[in-house]
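Written below as structure tokens is the structure these notes are about.
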Amino acid sequence: MLSNKNINNVRVYSKGSNVTGEKIVADVVLKIGCECSKEDIFKYCLNKLEGFMIPKEINLVSRIELNSSLKISRR
């Protein structure tokens, strides 16, 4: 998803689901001034990713926490 010109950063993780057991979730930080919607990002994923890689939930967030090594925090 980082190849999308409107996306600044992404954190992808799995989350428990009552139906399938687990689902893929993506927290997305948009670039300043971008007016992308969750639907736009989902459509982009449909065109660029294999079916099993497509997030079932997309959250637009303002920032993603980094640890002291400047890597994405896994909390």
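Residue numbers start at 1 in each chain; chains themselves are named A, B, ... in the order of the structure tokens; ligands are numbered from 1 in the order shown.
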
| request: Once DSSP has gone over the backbone, tell me which residues of region 17-65 of chain A are in helix (DSSP H, G or I), as a list in words. | output: Lys38, Glu39, Asp40, Ile41, Phe42, Lys43, Tyr44, Cys45, Leu46, Asn47, Lys48, Gly51, Phe52 and Met53 of chain A

| task | Could you give me, as a list in words, the residues within 8 Å of Val28 (chain A), counting only C-alpha atoms and dropping anything in the same chain fewer than 6 positions from it? | result |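 The contact residues come out as Ile7, Asn8, Asn9, Val10, Arg11, Ile58, Asn59, Leu60 and Val61 of chain A.
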
Take the residues just selected and output them with C-alpha atoms as a compact mmCIF listing (two decimals), in the first residue's frame.
# COMPACT_ATOMS: atom_id res chain seq x y z
CA ILE A 7 -0.37 7.02 1.84
CA ASN A 8 2.40 8.05 4.21
CA ASN A 9 2.59 5.00 6.52
CA VAL A 10 0.77 1.73 7.19
CA ARG A 11 0.59 -0.80 10.04
CA ILE A 58 -9.13 -0.10 7.23
CA ASN A 59 -8.64 2.57 9.88
CA LEU A 60 -7.55 6.10 8.97
CA VAL A 61 -5.28 7.30 11.79

| Using only C-alpha atoms, which of A:Asn6, A:Tyr13, A:Ile54, A:Val25 sits nearest Ser37 (chain A)? |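 The shortest atom-to-atom distance to Ser37 (chain A) comes from A:Asn6.
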
| message | Which residue is closest to Val12 (chain A)? Choose from A:Lys71, A:Lys48, A:Glu57, A:Arg63 and count only C-alpha atoms. | response |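 Of A:Lys71, A:Lys48, A:Glu57, A:Arg63, the one nearest Val12 (chain A) is A:Glu57, counting only C-alpha atoms.
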
| said: Counting only C-alpha atoms, which residue out of A:Leu70, A:Ser62, A:Glu50, A:Lys56 sits closest to Ala26 (chain A)? | reply: A:Lys56

| query | How far is it from CA of Tyr44 (chain A) to CA of Ile32 (chain A), in Å with one decimal? | reply |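 Answer for the CA of Tyr44 (chain A) to CA of Ile32 (chain A) separation: 18.8 Å.
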
| query | Taking into account only C-alpha atoms, which residue in the set A:Leu46, A:Asp40, A:Met53, A:Ile64 is nearest to Asp27 (chain A)? | reply | A:Ile64

| said: DSSP on the backbone, strand (DSSP E or B) only: what residues of chain A does that give? Format it as a PyMOL selection string. | reply: chain A and resi 7-17+21-30+57-60+66+72

| Atom pair CA of Asn67 (chain A) / CA of Lys31 (chain A): separation (Å) | 20.9 Å

| request: To one decimal in Å, tell me the separation between CA of Cys36 (chain A) and CA of Ile72 (chain A). | output: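 CA of Cys36 (chain A) sits 22.5 Å away from CA of Ile72 (chain A).
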